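Below: entry_37.txt (compact mmCIF, C-alpha atoms)
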# COMPACT_ATOMS: atom_id res chain seq x y z
CA MET A 1 0.00 0.00 0.00
CA ALA A 2 1.44 3.38 -0.95
CA SER A 3 1.72 6.25 1.48
CA GLN A 4 -1.04 8.86 1.47
CA ALA A 5 -0.50 11.74 -0.92
CA MET A 6 -2.25 15.02 -0.17
CA GLY A 7 -5.58 15.25 -2.00
CA TYR A 8 -5.43 11.77 -3.47
CA LYS A 9 -8.24 9.29 -2.97
CA HIS A 10 -7.50 5.72 -1.92
CA ILE A 11 -8.20 3.35 -4.82
CA ILE A 12 -9.30 -0.25 -4.21
CA PHE A 13 -9.07 -2.82 -7.00
CA MET A 14 -11.32 -5.90 -6.79
CA HIS A 15 -10.49 -8.77 -9.12
CA GLY A 16 -12.94 -11.05 -10.92
CA ILE A 17 -13.76 -14.74 -10.75
CA LEU A 18 -10.91 -17.25 -11.18
CA ALA A 19 -8.35 -14.48 -10.79
CA GLY A 20 -6.29 -12.74 -8.13
CA PRO A 21 -4.92 -9.32 -7.17
CA SER A 22 -2.30 -9.34 -9.95
CA GLU A 23 -5.17 -8.88 -12.42
CA PHE A 24 -4.94 -5.15 -11.67
CA ASP A 25 -1.14 -4.75 -11.67
CA TYR A 26 -1.20 -2.82 -14.96
CA TYR A 27 -3.88 -0.34 -13.91
CA ASN A 28 -2.25 0.19 -10.52
CA GLN A 29 1.04 0.93 -12.28
CA LEU A 30 -0.76 3.50 -14.43
CA VAL A 31 -2.32 5.08 -11.33
CA GLN A 32 1.13 5.48 -9.76
CA GLN A 33 2.50 6.82 -13.05
CA TYR A 34 -0.13 9.55 -13.34
CA HIS A 35 -0.59 10.21 -9.61
CA PRO A 36 2.57 9.14 -7.73
CA GLY A 37 1.83 8.38 -4.10
CA THR A 38 -1.84 7.50 -4.60
CA PRO A 39 -2.74 4.98 -1.88
CA SER A 40 -3.99 1.75 -3.41
CA THR A 41 -5.13 -1.71 -2.39
CA GLN A 42 -5.43 -4.75 -4.62
CA VAL A 43 -7.76 -7.09 -2.73
CA ASN A 44 -5.95 -10.35 -2.04
CA LEU A 45 -8.83 -12.58 -0.97
CA TYR A 46 -10.93 -15.31 -2.65
CA ASN A 47 -8.43 -15.74 -5.42
CA TYR A 48 -8.74 -18.18 -8.32
CA LYS A 49 -10.80 -21.27 -7.42
CA ASP A 50 -11.66 -19.80 -4.01
CA SER A 51 -13.71 -17.19 -5.87
CA ILE A 52 -16.48 -19.71 -6.51
CA VAL A 53 -17.73 -19.75 -2.89
CA ASP A 54 -21.03 -18.01 -2.20
CA MET A 55 -21.08 -14.25 -2.59
CA TRP A 56 -22.07 -13.23 0.93
CA THR A 57 -19.19 -15.22 2.41
CA GLN A 58 -16.82 -13.33 0.12
CA VAL A 59 -18.43 -9.96 0.82
CA VAL A 60 -18.27 -10.34 4.61
CA LYS A 61 -14.60 -11.33 4.65
CA ILE A 62 -13.57 -8.69 2.12
CA ALA A 63 -15.54 -6.08 4.08
CA ASP A 64 -13.50 -6.92 7.18
CA THR A 65 -10.35 -6.08 5.20
CA VAL A 66 -11.45 -2.87 3.44
CA ARG A 67 -13.78 -1.43 6.10
CA PRO A 68 -11.04 0.70 7.73
CA ILE A 69 -10.41 2.32 4.34
CA LEU A 70 -14.11 2.81 3.58
CA LEU A 71 -14.79 4.34 7.01
CA ASN A 72 -11.79 6.67 7.09
CA THR A 73 -13.37 10.08 7.54
CA SER A 74 -10.00 11.86 7.50
CA SER A 75 -9.22 10.77 3.94
CA GLU A 76 -10.27 12.25 0.62
CA GLY A 77 -12.54 9.26 0.10
CA THR A 78 -12.23 6.06 -1.88
CA ILE A 79 -12.50 4.90 -5.48
CA LEU A 80 -13.58 1.33 -6.24
CA VAL A 81 -12.41 -0.26 -9.50
CA CYS A 82 -14.02 -3.68 -9.73
CA PHE A 83 -14.05 -6.23 -12.51
CA SER A 84 -16.59 -8.90 -13.45
CA GLN A 85 -17.82 -10.81 -10.38
CA GLY A 86 -15.79 -8.33 -8.34
CA GLY A 87 -18.21 -5.63 -9.43
CA LEU A 88 -21.04 -7.41 -7.64
CA ILE A 89 -18.87 -7.78 -4.55
CA CYS A 90 -18.26 -4.04 -4.61
CA ARG A 91 -21.96 -3.36 -5.14
CA ALA A 92 -22.66 -5.36 -1.97
CA LEU A 93 -19.95 -3.50 -0.05
CA LEU A 94 -21.61 -0.22 -1.01
CA ALA A 95 -24.94 -1.52 0.32
CA THR A 96 -23.68 -2.93 3.60
CA ILE A 97 -21.12 -0.34 4.75
CA ASN A 98 -21.66 3.30 5.72
CA HIS A 99 -18.86 4.13 3.32
CA ASN A 100 -16.86 7.09 2.01
CA VAL A 101 -16.74 5.93 -1.64
CA GLN A 102 -16.71 8.77 -4.12
CA THR A 103 -16.71 6.77 -7.36
CA PHE A 104 -17.48 3.14 -8.17
CA ILE A 105 -16.06 2.10 -11.56
CA SER A 106 -17.58 -1.21 -12.63
CA LEU A 107 -15.72 -2.98 -15.43
CA SER A 108 -17.93 -5.48 -17.27
CA ALA A 109 -19.68 -6.79 -14.16
CA PRO A 110 -22.96 -8.74 -14.18
CA LEU A 111 -24.65 -6.07 -12.08
CA ALA A 112 -28.15 -7.18 -13.12
CA GLY A 113 -27.19 -10.86 -13.06
CA GLN A 114 -25.96 -13.48 -15.48
CA TYR A 115 -27.93 -15.68 -17.87
CA GLY A 116 -25.73 -17.31 -20.48
CA ASP A 117 -23.58 -20.30 -21.39
CA SER A 118 -20.31 -18.52 -20.67
CA GLU A 119 -16.88 -20.12 -20.52
CA TYR A 120 -16.97 -19.76 -16.74
CA LEU A 121 -20.23 -21.66 -16.46
CA LYS A 122 -18.82 -24.39 -18.68
CA TYR A 123 -15.62 -24.51 -16.64
CA PHE A 124 -17.49 -25.54 -13.51
CA PHE A 125 -20.58 -27.15 -15.03
CA PRO A 126 -19.61 -28.46 -18.50
CA ASN A 127 -22.93 -30.22 -19.10
CA LEU A 128 -25.23 -27.52 -17.75
CA LEU A 129 -27.36 -25.52 -20.21
CA LYS A 130 -28.56 -22.07 -19.26
CA GLU A 131 -32.22 -23.10 -19.73
CA ASN A 132 -31.86 -25.75 -17.05
CA ALA A 133 -29.34 -24.07 -14.76
CA TYR A 134 -32.08 -22.71 -12.49
CA LYS A 135 -32.83 -26.27 -11.37
CA LEU A 136 -29.41 -26.29 -9.72
CA PHE A 137 -28.87 -22.65 -8.86
CA TYR A 138 -32.31 -21.99 -7.38
CA THR A 139 -31.73 -24.43 -4.54
CA PRO A 140 -29.98 -23.96 -1.19
CA MET A 141 -27.00 -25.89 -2.56
CA GLY A 142 -26.94 -23.83 -5.75
CA GLN A 143 -26.82 -20.62 -3.75
CA ASP A 144 -23.57 -21.82 -2.18
CA VAL A 145 -21.89 -21.24 -5.56
CA SER A 146 -21.01 -17.68 -6.49
CA ILE A 147 -22.50 -17.92 -9.98
CA GLY A 148 -25.74 -19.24 -8.48
CA SER A 149 -25.83 -16.19 -6.20
CA TYR A 150 -26.37 -13.90 -9.19
CA TRP A 151 -27.94 -16.24 -11.75
CA ASN A 152 -30.96 -14.37 -13.10
CA ASP A 153 -33.21 -16.54 -15.27
CA PRO A 154 -35.78 -14.26 -16.96
CA ARG A 155 -38.25 -17.15 -17.31
CA GLN A 156 -37.99 -18.24 -13.67
CA GLN A 157 -38.45 -14.96 -11.84
CA LYS A 158 -40.69 -16.42 -9.14
CA MET A 159 -37.97 -18.89 -8.21
CA PHE A 160 -35.29 -16.21 -8.51
CA LYS A 161 -37.09 -14.03 -5.98
CA GLU A 162 -37.61 -16.98 -3.67
CA PHE A 163 -34.15 -18.56 -3.78
CA SER A 164 -31.66 -15.86 -4.76
CA ASN A 165 -30.17 -14.87 -1.42
CA PHE A 166 -27.74 -12.35 -2.90
CA LEU A 167 -28.78 -10.54 -6.09
CA ALA A 168 -32.51 -10.54 -5.33
CA VAL A 169 -31.70 -9.14 -1.89
CA LEU A 170 -29.51 -6.37 -3.31
CA ASN A 171 -32.28 -5.55 -5.81
CA ASN A 172 -34.84 -5.54 -2.99
CA GLN A 173 -36.79 -8.17 -4.98
CA SER A 174 -36.52 -11.09 -2.59
CA THR A 175 -39.71 -12.65 -1.25
CA VAL A 176 -37.81 -13.03 2.02
CA VAL A 177 -38.02 -9.62 3.68
CA ASN A 178 -34.64 -8.01 4.24
CA PRO A 179 -34.87 -6.00 7.49
CA LYS A 180 -31.89 -3.93 6.32
CA SER A 181 -33.31 -3.00 2.92
CA GLN A 182 -33.59 0.70 3.77
CA GLU A 183 -30.10 0.68 5.25
CA PHE A 184 -28.81 -0.97 2.07
CA ARG A 185 -30.50 1.72 -0.02
CA SER A 186 -29.22 4.60 2.10
CA ASN A 187 -25.68 3.25 2.02
CA PHE A 188 -25.78 2.77 -1.75
CA LEU A 189 -26.96 6.35 -2.21
CA ARG A 190 -23.89 7.64 -0.38
CA LEU A 191 -22.02 6.90 -3.61
CA LYS A 192 -21.24 10.07 -5.53
CA ASN A 193 -20.55 8.66 -9.01
CA LEU A 194 -21.34 5.33 -10.67
CA VAL A 195 -19.34 4.54 -13.81
CA LEU A 196 -20.69 1.59 -15.81
CA VAL A 197 -18.32 0.10 -18.38
CA GLY A 198 -19.13 -2.69 -20.84
CA GLY A 199 -19.35 -3.64 -24.47
CA PRO A 200 -21.02 -5.90 -27.04
CA ASP A 201 -17.91 -7.99 -27.76
CA ASP A 202 -17.33 -9.02 -24.14
CA GLY A 203 -18.28 -12.65 -24.79
CA VAL A 204 -18.84 -13.63 -21.14
CA ILE A 205 -21.25 -11.28 -19.36
CA THR A 206 -24.67 -12.25 -20.72
CA PRO A 207 -26.36 -10.14 -21.73
CA TRP A 208 -23.46 -7.71 -21.94
CA GLU A 209 -25.92 -4.95 -21.03
CA SER A 210 -26.00 -6.42 -17.50
CA SER A 211 -22.80 -4.43 -17.03
CA GLN A 212 -25.07 -1.38 -17.23
CA PHE A 213 -27.99 -2.89 -15.30
CA GLY A 214 -29.84 -4.18 -18.37
CA MET A 215 -31.32 -7.68 -18.44
CA TYR A 216 -33.43 -10.03 -20.55
CA ASN A 217 -37.18 -10.22 -20.21
CA ALA A 218 -39.11 -13.48 -20.62
CA THR A 219 -38.89 -13.27 -24.43
CA ASP A 220 -35.10 -12.74 -24.46
CA ALA A 221 -35.38 -9.06 -25.34
CA VAL A 222 -32.86 -6.98 -23.40
CA LEU A 223 -34.49 -4.23 -21.39
CA PRO A 224 -32.27 -1.31 -20.35
CA MET A 225 -32.01 -0.44 -16.68
CA GLU A 226 -34.63 2.29 -17.05
CA GLU A 227 -37.23 -0.38 -17.92
CA GLN A 228 -36.43 -2.71 -15.04
CA GLU A 229 -39.06 -2.96 -12.30
CA TRP A 230 -36.55 -2.37 -9.52
CA TYR A 231 -35.38 0.79 -11.30
CA GLN A 232 -38.84 2.18 -11.85
CA ASN A 233 -39.82 1.72 -8.21
CA ASP A 234 -36.36 2.93 -7.11
CA ALA A 235 -35.97 -0.18 -4.99
CA PHE A 236 -32.33 0.41 -4.12
CA GLY A 237 -31.73 3.99 -5.23
CA LEU A 238 -30.54 3.57 -8.82
CA LYS A 239 -33.28 5.79 -10.26
CA THR A 240 -32.48 8.52 -7.77
CA MET A 241 -28.82 8.42 -8.72
CA ASN A 242 -29.63 8.50 -12.43
CA THR A 243 -32.05 11.40 -12.21
CA GLN A 244 -29.39 13.33 -10.31
CA GLY A 245 -26.87 12.75 -13.10
CA ARG A 246 -24.60 10.55 -11.02
CA ILE A 247 -24.45 7.59 -13.45
CA LEU A 248 -22.15 7.50 -16.48
CA LYS A 249 -22.13 4.73 -19.09
CA PHE A 250 -19.22 3.84 -21.35
CA VAL A 251 -19.53 1.32 -24.19
CA PHE A 252 -16.41 -0.02 -25.89
CA LYS A 253 -16.52 -2.23 -28.96
CA GLY A 254 -13.92 -4.88 -29.68
CA ILE A 255 -12.90 -5.64 -26.08
CA GLN A 256 -13.16 -9.22 -24.90
CA HIS A 257 -13.93 -10.00 -21.28
CA ARG A 258 -10.40 -10.82 -20.13
CA HIS A 259 -8.97 -7.60 -21.53
CA TRP A 260 -10.93 -4.91 -19.66
CA HIS A 261 -8.17 -4.44 -17.08
CA SER A 262 -5.38 -4.26 -19.68
CA GLU A 263 -6.81 -1.63 -22.04
CA LEU A 264 -5.16 1.79 -21.89
CA GLN A 265 -8.18 3.47 -23.52
CA VAL A 266 -10.46 2.19 -20.75
CA PHE A 267 -8.09 3.51 -18.10
CA GLU A 268 -7.75 6.90 -19.81
CA LYS A 269 -11.49 7.44 -20.24
CA CYS A 270 -13.02 5.68 -17.26
CA ILE A 271 -10.50 5.69 -14.39
CA LYS A 272 -7.95 8.46 -14.79
CA PRO A 273 -10.50 11.34 -14.66
CA TRP A 274 -11.64 10.28 -11.18
CA LEU A 275 -8.23 10.00 -9.51
Structure encoded using C-alpha cells:
Amino acid sequence: MASQAMGYKHIIFMHGILAGPSEFDYYNQLVQQYHPGTPSTQVNLYNYKDSIVDMWTQVVKIADTVRPILLNTSSEGTILVCFSQGGLICRALLATINHNVQTFISLSAPLAGQYGDSEYLKYFFPNLLKENAYKLFYTPMGQDVSIGSYWNDPRQQKMFKEFSNFLAVLNNQSTVVNPKSQEFRSNFLRLKNLVLVGGPDDGVITPWESSQFGMYNATDAVLPMEEQEWYQNDAFGLKTMNTQGRILKFVFKGIQHRHWHSELQVFEKCIKPWL
C-alpha cells in the first residue's frame, strides 16, 4: 500500500472470478505513473478457485479487510475499481457499509445478473445448459456457488425471488423480507458517481448490457435499466442516482472479457479522470 498523498483518494481494486490481485497490476502501475503516491489496495482474498464460494461469504470477509479504508473520515474518500464478479462484490460493499466511496467504476460486471452459457459456467458445469441451470442454482445448494448467487433466469423470476439470497436481496426483490433494505438503499446512495463500463464484444457477461444494469425479459429481449421494475420503483436507489446525473455509461466495442483491465483506452477514459 502506498503512502497517502495530499488530496489523493485511496483506490481499491477488486479482481474477478478465477483471478487474483495481480489482475490489476497494470492499472495500478498507471495510477502510480499519473498520480505518484496514490494509496492503493489490490484485494488479495478469494483468489482463483476460491472465488467460486457463495457471494455473501466473500463480501463479509472482504468487508473486514477494506472497512477501515471505507470508514476513514479523515481521507479524501475512496474509489472502487471492480471487474466482473468483483463488481457485484463491490456493489454489496456499497450496500452494507456506511462508506466514504466517491466513485465506483464497474468494469464489465454482471450487475443485473448473469444468464448465459459462458466459458466460466462451462468450466465448472460443463454439461449444464442455461435453460436448465435454475434447477441447480435456485436451490440452497446452488446458492452456495457464487455464480448461483447472481444467476438471473428471466423465465424463472418467481424462483429467482424466492431462492436468490444475494442478487434478489440487493435488488430488494426477494420474497424473504430483508430487514436492512432501507439501510442498504441509504448506504448505496452515499455513492457520488457510478461509472458503468461494458461492451457488445465481451463474450462472457450475458447479456453484456447487465454491465449497465440491463437484463433479458421473458422473451429474451434486453431491457435497459430504465425499464427494469426495480429501477422504476427505485428499490435500491438507482433511479435517484440517475435522475441526479450521477451515473455514467461507457460502451467499448472490440474488447473481450479478459482484456478490460489491460486496455489503456479504458483507463484513460473511465478511471484516470476520477483519480
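Near (-21.5, -4.2, -24.1), the residues that fall inside 6 Å on the basis of all atoms listed in the file are Gly198, Gly199, Pro200, Trp208, Glu209 and Val251 of chain A.
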Exercise. Could you state the separation of CA of Asp153 in chain A and CA of Glu226 in chain A in Å, given to one decimal place?
Worked result: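 CA of Glu226 in chain A lies 19.0 Å from CA of Asp153 in chain A.
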Problem set entry | Local residues around (-23.4, -4.6, 4.1), at most 9 Å away, using only C-alpha atoms, as a list of chain:residue names |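 Answer for this query, in the requested form: A:Val59, A:Val60, A:Ala63, A:Ala92, A:Leu93, A:Leu94, A:Ala95, A:Thr96, A:Ile97, A:Asn98, A:Lys180, A:Glu183, A:Phe184, A:Asn187.
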Those same residues - C-alpha atoms - I'd like them written as a short mmCIF file (atom, residue, chain, number, x, y, z; two decimals), in the frame of the given file.
data_model
loop_
_atom_site.label_atom_id
_atom_site.label_comp_id
_atom_site.auth_asym_id
_atom_site.auth_seq_id
_atom_site.Cartn_x
_atom_site.Cartn_y
_atom_site.Cartn_z
CA VAL A 59 -18.43 -9.96 0.82
CA VAL A 60 -18.27 -10.34 4.61
CA ALA A 63 -15.54 -6.08 4.08
CA ALA A 92 -22.66 -5.36 -1.97
CA LEU A 93 -19.95 -3.50 -0.05
CA LEU A 94 -21.61 -0.22 -1.01
CA ALA A 95 -24.94 -1.52 0.32
CA THR A 96 -23.68 -2.93 3.60
CA ILE A 97 -21.12 -0.34 4.75
CA ASN A 98 -21.66 3.30 5.72
CA LYS A 180 -31.89 -3.93 6.32
CA GLU A 183 -30.10 0.68 5.25
CA PHE A 184 -28.81 -0.97 2.07
CA ASN A 187 -25.68 3.25 2.02
#
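Nearest to Met215 in chain A of all the residues A:Met55, A:Val81, A:Ala112, A:Ile105 is A:Ala112, counting only C-alpha atoms.
Restricting the calculation to all atoms listed in the file, the smallest distance between Gly16 in chain A and any of A:Trp151, A:Tyr216, A:Trp260, A:Phe250 is found for A:Trp260.
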For this session: Identify, on the basis of only C-alpha atoms, every residue whose closest approach to Asp25 in chain A does not exceed 12 Å; exclude the query and any residue fewer than 4 positions from it along the same chain; express the result as a ChimeraX atom specification.
Result: /A:12-15,20-21,29-32,40-43,261-262
Exercise. So how far away is CA of Lys161 in chain A from CA of Asn217 in chain A, in Å?
Worked result: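 Computed distance, CA of Asn217 in chain A to CA of Lys161 in chain A, equals 14.7 Å.
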Exercise. Between CA of Gln212 in chain A and CA of Gln58 in chain A, what is the distance, to one decimal in Å?
Worked result: 22.6 Å
For this session: Using only C-alpha atoms, pick whichever of A:Gly214, A:Tyr27, A:Cys90, A:Trp56 has the shortest atom-to-atom distance to Ser164 in chain A.
Result: A:Trp56
Seminar exercise, completed: In terms of all atoms listed in the file, the residue from A:Pro224, A:Tyr8, A:Gly142, A:Glu23 at minimal distance from His35 in chain A is A:Tyr8
For this session: Would you please work out which residue, of A:His99, A:Gly254, A:Ala133, A:Asn152, is nearest to Ser186 in chain A when using only C-alpha atoms?
Result: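 Selected residue with least distance to Ser186 in chain A: A:His99.
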Problem set entry | Distance criterion (all atoms listed in the file): nearest to Thr57 in chain A out of A:Ser210, A:Asn165, A:Asn193, A:Ser84 |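 Using all atoms listed in the file, Thr57 in chain A sits closest to A:Asn165.
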